[in-house]
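*Asks:* First the structure, which I've put down as structure tokens, then a few questions once you've had a look.
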Amino acid sequence: MGGCGSWAWPELLVLLGSSWLWVGSAQPTPPSPTPPPGPQLRFRLAGYPRKHNEGRVEVFYNDEWGTICDDDFTLGNAHVLCRHLGFVAATGWAHSAKYGKGVGRIWLDNVNCAGSEKSIGDCKHRGWGNSDCSHEEDAGVVCKDERIPGFKDSNVIETEQSHVEEVRLRPVVSGGRRQLPVTEGIVEVRYKDSWAQICDQGWNSHNSRVICGMMGFPAEKKVNRNFYKLFTERQQLNYRLHSVSCTGTEVHLSMCSFEFYRGNSSAACGAGMPAVVSCVPGPLFATGNAHKKKQRQQQQGQPRIRLKGGARVGEGRVEVLRSSEWGTICDDRWNLQSASVVCRELGFGSAKEALTGARMGQGTGPIHLNEVQCRGTEKSLWNCPFRNITQEDCKHSEDAAVRCNIPYMGYENLIRLSGGRSRFEGRVEVAVGAGDGDQPRWGLVCGEGWGTLEAMVACRQLGLGFANHGLQETWYWDASNVTEMVMSGVKCAGHEMSLSHCQHHGASLSCRNTGTRFAAGVICSETASDLLLHAPLVQETAYIEDRPLHMLYCAAEENCLASSARLANWPYGHRRLLRFSSQIHNRGRADFRPKAGRHSWVWHECHRHYHSMDIFTHYDILTPNGTKVAEGHKASFCLEDTECEEDVAKRYECANFGEQGITVGCWDLYRHDIDCQWIDITDVKPGNYILQVVINPNFEVAESDFTNNAMKCNCKYDGHRIWVHSCHIGDALSEEANKRFEQYPGLATGCPSPP
């Protein structure tokens, strides 16, 4: 697909969420309609563009500023908030982050005020810090421009000193303009309709660290000031800020102390020069030899922290490795400082958001840490104070997650969708040949071999979340004048940031059907399901049954027996079956639905049910070196909600040709005593083996995480009985523990399974 090219302006813009003007210090003097809020609550208006009586509402609670979600927001809420801010009433309110997205916590959600309450805390809401929103849903208010008598106003927006909203690094080094990411340049802030510089008098590495973190880089390095001094002496400069002083733990320049130049700033910063910053990119974004060196360093030891379940690079549920087992972090006291330590440790910048309440889906296994309290300077999360978890402390519904700042790479400029009914769907078009100042040439992607994994990469590159479907034919989206195929043979692993990073044919295209109707398409979604098997139940229920052939006619019709069964002397004799129960949970953020619509489900007369998926699970017996000695597969006899967690209602059941699926928070149980819930081991010799179960093996249905779809157990088979033990989800253990598991499959102690 060619390089990023200079046709896309490479400088990195970072939105800063507010003007950070203090309102809480304003104390009304009696008489006043509303007593001052308690010491723990303060309020301010933020965002841009806005007037002094409107803006995004931010509340200071529990020593941290945060926002309010717009879900169920009403004018009554706005009245209460405007009185907190010193205005007599509200005239309106704004949804969907009209005044820009805030940062930090979302303190309140589903707020419902009558309008006469003395404090926002008296209104109904979900509880402080309990929210399922993102900052794209930050609420704002428009207050009546009339002050409560005696309320001192400290929320004045001065014409010269309004806000620090956007920051960028402007590269000046030759060639730096073309290469992304931009790691070095002059720090500039948006001012009116142009960009202004920051005076570097008193500038230090703490300030640089904050800027680099905002730009998506984990660390800063020294820069050649003399070069930039010579360069800027010939430039017309417009200074805006001076006396910037950060501690280095801020996620955001606006949280540092600084001063604005007022009036004519042409003579400003006499002895200084513009602030210049140079950043060190993380391994994912490093280029050339440095990249290879970092990869080598990474291979020396497995990281002890990872992100799971996020749609975009640099976001996800935080999981940590302890005692050879991966587990999650409880969200008690989880904040931006701790989240930033995680982000930087993983090679990203500072944290954009510290998410609570399992916003990136619920994890499984142990919850390792609670009440993590980083200062923000630590090299690793393991250097921060934390509490060990106790049984009563936390549930997986409280798993902590992060969204990190990542470098701007321009990948989204090289892909677009056309013809869809919404911006989340359409035929995929990619830009090629966009290097060295050339205009890009847009073309189509061959639909041959295009599937869910490729669609996931396309949706990630577009910034549209997960893939719902990858489509090989798109005749119904024929709305564009782009007709040329420019990419074929695309094969992705699923984690890539851009389609150009996947395997593909390059310049030598090979596509059987080059008509536009056979171009690849996607349907993207902000959320996805995540299926995983309940491993202990397999271990508890596994047993051997010798089943007479005359009872296996239906199973044979559905290919549930080994191929040697065809040569048996039907109906005499038997097959030896390893039977077990499967309990499949949906721990994601969207329901799991079969790809095929109800109209194309297949009726099986023998078992008298519909298959909505031909292959829903694979069952295999493997030797320690991975050779398959027995296999089984399970069609989705019926995908339904057998049981659900507390407060979750069942939505899917198969009776009467009902809708099939698995709701978030529910599970589907296939009992050990139903047909095909087995592996035919008639031909397997005694020995030590691995039992492997893989859900959704062909990636037919999109999930947020495919790495947890496999479950493995150790097996010891003596020709009469079988011992199944050490069952675990495929990515639950450390690399070292996995190696031990595969090396000694039958030697660990285990109890014989039920006869």
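Ordering of the structure tokens sets the chain letters (A, B, ...), residue numbers begin anew at 1 in every chain, and ligands are numbered from 1 in the order given.
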Leaving out Gly347 of chain A and any residue of its chain fewer than 3 positions from it, which residues lie within 6 Å of it when counting only C-alpha atoms, given as a list in words?
*Replies:*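 Near Gly347 of chain A, the qualifying residues are Pro218, Gly282 and Arg344 of chain A.
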*Asks:* Take the residues from that selection and put them in a file with N, CA and C atoms, as a short mmCIF file (atom, residue, chain, number, x, y, z; two decimals), in the first residue's frame.
*Replies:*
data_model
loop_
_atom_site.label_atom_id
_atom_site.label_comp_id
_atom_site.auth_asym_id
_atom_site.auth_seq_id
_atom_site.Cartn_x
_atom_site.Cartn_y
_atom_site.Cartn_z
N PRO A 218 6.43 6.89 25.64
CA PRO A 218 6.63 6.57 27.06
C PRO A 218 7.70 7.42 27.74
N GLY A 282 7.73 3.91 21.76
CA GLY A 282 7.66 2.54 22.27
C GLY A 282 7.94 1.55 21.16
N ARG A 344 2.73 3.62 30.01
CA ARG A 344 4.15 3.85 29.69
C ARG A 344 4.93 2.54 29.75
#
*Asks:* Env of Asp675 of chain A: 12 Å cut, atoms = only C-alpha atoms, seq-sep filter 6 positions within chain, self excluded. Answer as a PyMOL selection string.
*Replies:* chain A and resi 547+551-561+577-581+606-607+632-637
*Asks:* Write out the residues from the selection above, keeping N, CA and C atoms, as a PDB file, in the first residue's frame.
*Replies:*
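File written: out.pdb
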ATOM      1  N   ARG A 547     -20.313 -46.874  23.715  1.00  0.00           N
ATOM      2  CA  ARG A 547     -21.703 -46.698  23.263  1.00  0.00           C
ATOM      3  C   ARG A 547     -21.987 -47.614  22.073  1.00  0.00           C
ATOM      4  N   MET A 551     -27.041 -47.109  18.633  1.00  0.00           N
ATOM      5  CA  MET A 551     -27.519 -45.856  19.227  1.00  0.00           C
ATOM      6  C   MET A 551     -26.813 -44.633  18.628  1.00  0.00           C
ATOM      7  N   LEU A 552     -26.041 -44.848  17.566  1.00  0.00           N
ATOM      8  CA  LEU A 552     -25.198 -43.768  17.046  1.00  0.00           C
ATOM      9  C   LEU A 552     -25.504 -43.393  15.594  1.00  0.00           C
ATOM     10  N   TYR A 553     -26.661 -43.824  15.082  1.00  0.00           N
ATOM     11  CA  TYR A 553     -26.968 -43.507  13.689  1.00  0.00           C
ATOM     12  C   TYR A 553     -27.063 -41.992  13.441  1.00  0.00           C
ATOM     13  N   CYS A 554     -27.740 -41.273  14.334  1.00  0.00           N
ATOM     14  CA  CYS A 554     -27.875 -39.816  14.165  1.00  0.00           C
ATOM     15  C   CYS A 554     -26.514 -39.137  14.249  1.00  0.00           C
ATOM     16  N   ALA A 555     -25.708 -39.588  15.202  1.00  0.00           N
ATOM     17  CA  ALA A 555     -24.375 -38.996  15.381  1.00  0.00           C
ATOM     18  C   ALA A 555     -23.519 -39.224  14.141  1.00  0.00           C
ATOM     19  N   ALA A 556     -23.649 -40.423  13.534  1.00  0.00           N
ATOM     20  CA  ALA A 556     -22.874 -40.712  12.325  1.00  0.00           C
ATOM     21  C   ALA A 556     -23.314 -39.800  11.189  1.00  0.00           C
ATOM     22  N   GLU A 557     -24.611 -39.535  11.105  1.00  0.00           N
ATOM     23  CA  GLU A 557     -25.138 -38.659  10.059  1.00  0.00           C
ATOM     24  C   GLU A 557     -24.538 -37.252  10.180  1.00  0.00           C
ATOM     25  N   GLU A 558     -24.240 -36.838  11.412  1.00  0.00           N
ATOM     26  CA  GLU A 558     -23.688 -35.495  11.628  1.00  0.00           C
ATOM     27  C   GLU A 558     -22.158 -35.504  11.718  1.00  0.00           C
ATOM     28  N   ASN A 559     -21.526 -36.594  11.285  1.00  0.00           N
ATOM     29  CA  ASN A 559     -20.052 -36.691  11.268  1.00  0.00           C
ATOM     30  C   ASN A 559     -19.429 -36.503  12.642  1.00  0.00           C
ATOM     31  N   CYS A 560     -20.064 -37.048  13.668  1.00  0.00           N
ATOM     32  CA  CYS A 560     -19.548 -36.903  15.030  1.00  0.00           C
ATOM     33  C   CYS A 560     -18.685 -38.086  15.459  1.00  0.00           C
ATOM     34  N   LEU A 561     -18.400 -39.011  14.555  1.00  0.00           N
ATOM     35  CA  LEU A 561     -17.579 -40.172  14.897  1.00  0.00           C
ATOM     36  C   LEU A 561     -16.305 -40.165  14.067  1.00  0.00           C
ATOM     37  N   LEU A 577     -16.145 -43.435  23.599  1.00  0.00           N
ATOM     38  CA  LEU A 577     -16.320 -41.980  23.547  1.00  0.00           C
ATOM     39  C   LEU A 577     -15.805 -41.332  24.827  1.00  0.00           C
ATOM     40  N   LEU A 578     -15.021 -40.262  24.674  1.00  0.00           N
ATOM     41  CA  LEU A 578     -14.649 -39.409  25.817  1.00  0.00           C
ATOM     42  C   LEU A 578     -15.697 -38.314  25.889  1.00  0.00           C
ATOM     43  N   ARG A 579     -16.505 -38.338  26.944  1.00  0.00           N
ATOM     44  CA  ARG A 579     -17.628 -37.397  27.062  1.00  0.00           C
ATOM     45  C   ARG A 579     -17.335 -36.382  28.158  1.00  0.00           C
ATOM     46  N   PHE A 580     -17.861 -35.187  27.998  1.00  0.00           N
ATOM     47  CA  PHE A 580     -17.697 -34.117  29.004  1.00  0.00           C
ATOM     48  C   PHE A 580     -18.719 -33.025  28.719  1.00  0.00           C
ATOM     49  N   SER A 581     -18.968 -32.188  29.705  1.00  0.00           N
ATOM     50  CA  SER A 581     -19.891 -31.052  29.526  1.00  0.00           C
ATOM     51  C   SER A 581     -19.111 -29.812  29.110  1.00  0.00           C
ATOM     52  N   CYS A 606     -32.873 -35.984  11.979  1.00  0.00           N
ATOM     53  CA  CYS A 606     -32.529 -37.058  12.904  1.00  0.00           C
ATOM     54  C   CYS A 606     -32.573 -36.569  14.357  1.00  0.00           C
ATOM     55  N   HIS A 607     -31.918 -35.435  14.598  1.00  0.00           N
ATOM     56  CA  HIS A 607     -31.911 -34.876  15.959  1.00  0.00           C
ATOM     57  C   HIS A 607     -33.057 -33.892  16.182  1.00  0.00           C
ATOM     58  N   GLY A 632     -13.085 -34.259  17.122  1.00  0.00           N
ATOM     59  CA  GLY A 632     -14.538 -34.193  17.055  1.00  0.00           C
ATOM     60  C   GLY A 632     -14.914 -32.762  16.746  1.00  0.00           C
ATOM     61  N   HIS A 633     -16.130 -32.547  16.312  1.00  0.00           N
ATOM     62  CA  HIS A 633     -16.589 -31.177  16.144  1.00  0.00           C
ATOM     63  C   HIS A 633     -18.038 -31.116  16.575  1.00  0.00           C
ATOM     64  N   LYS A 634     -18.456 -29.948  16.924  1.00  0.00           N
ATOM     65  CA  LYS A 634     -19.814 -29.785  17.431  1.00  0.00           C
ATOM     66  C   LYS A 634     -20.469 -28.659  16.658  1.00  0.00           C
ATOM     67  N   ALA A 635     -21.548 -28.967  15.948  1.00  0.00           N
ATOM     68  CA  ALA A 635     -22.350 -27.901  15.351  1.00  0.00           C
ATOM     69  C   ALA A 635     -23.123 -27.226  16.482  1.00  0.00           C
ATOM     70  N   SER A 636     -23.611 -26.018  16.219  1.00  0.00           N
ATOM     71  CA  SER A 636     -24.415 -25.359  17.259  1.00  0.00           C
ATOM     72  C   SER A 636     -25.804 -25.979  17.222  1.00  0.00           C
ATOM     73  N   PHE A 637     -25.963 -27.080  17.964  1.00  0.00           N
ATOM     74  CA  PHE A 637     -27.290 -27.711  18.025  1.00  0.00           C
ATOM     75  C   PHE A 637     -28.302 -26.637  18.394  1.00  0.00           C
TER      76      PHE A 637
END
*Asks:* Can you list, as a ChimeraX atom specification, every residue of segment 37-213 of chain A that DSSP puts in alpha helix (DSSP H)?
*Replies:* /A:75-84,205-213
*Asks:* Suppose we keep C-alpha atoms; can you now write the selection as a compact mmCIF listing (two decimals), in the first residue's frame?
*Replies:*
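Dumped everything to again.txt:
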# COMPACT_ATOMS: atom_id res chain seq x y z
CA LEU A 75 -32.98 20.33 32.27
CA GLY A 76 -33.61 19.62 35.97
CA ASN A 77 -30.02 18.36 36.26
CA ALA A 78 -28.78 21.50 34.50
CA HIS A 79 -30.70 23.76 36.95
CA VAL A 80 -29.01 22.12 39.96
CA LEU A 81 -25.56 22.27 38.35
CA CYS A 82 -25.93 25.92 37.25
CA ARG A 83 -26.80 26.90 40.83
CA HIS A 84 -23.64 25.06 42.01
CA SER A 205 12.61 17.13 31.59
CA HIS A 206 9.41 16.87 33.66
CA ASN A 207 7.66 19.20 31.20
CA SER A 208 9.05 17.20 28.26
CA ARG A 209 7.83 13.97 29.84
CA VAL A 210 4.27 15.34 30.02
CA ILE A 211 4.34 16.48 26.37
CA CYS A 212 5.77 13.13 25.20
CA GLY A 213 3.11 11.27 27.20
*Asks:* Taking the DSSP assignment computed from this structure's backbone, write out as a PyMOL selection string all residues of segment 113-316 of chain A that belong to strand (DSSP E or B).
*Replies:* chain A and resi 124+138+140-143+147+166-170+184-191+194-199+219-221+239-245+257-260+274+276-280+305-308+315-316
*Asks:* Could you list, as a ChimeraX atom specification, every residue within 8 Å of segment 667-669 of chain A, counting only C-alpha atoms and ignoring same-chain residues fewer than 4 positions away?
*Replies:* /A:581-586,639-644,662-663
*Asks:* Find the residues near Leu471 of chain A: any atom within 12 Å, counting only C-alpha atoms, skip ones fewer than 3 places away on the same chain, and give them as a PyMOL selection string.
*Replies:* chain A and resi 425-428+445-456+458+467-468+474-477+517-524+595+700
*Asks:* Using only C-alpha atoms, can you tell me which of A:Met497, A:Ala431, A:Met409, A:Leu691 comes closest to Val629 of chain A?
*Replies:*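 Result for the nearest residue to Val629 of chain A: A:Leu691.
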*Asks:* Just to confirm, what's the straight-line distance from atom CA of Gln179 of chain A to atom CA of Tyr411 of chain A in Å (one decimal)?
*Replies:*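 Computing it gives 12.5 Å between the two atoms.
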*Asks:* What is the distance, in Å and to one decimal place, between atom CA of Val432 of chain A and atom CA of Lys491 of chain A?
*Replies:*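 Calculated distance between atom CA of Val432 of chain A and atom CA of Lys491 of chain A is 17.8 Å.
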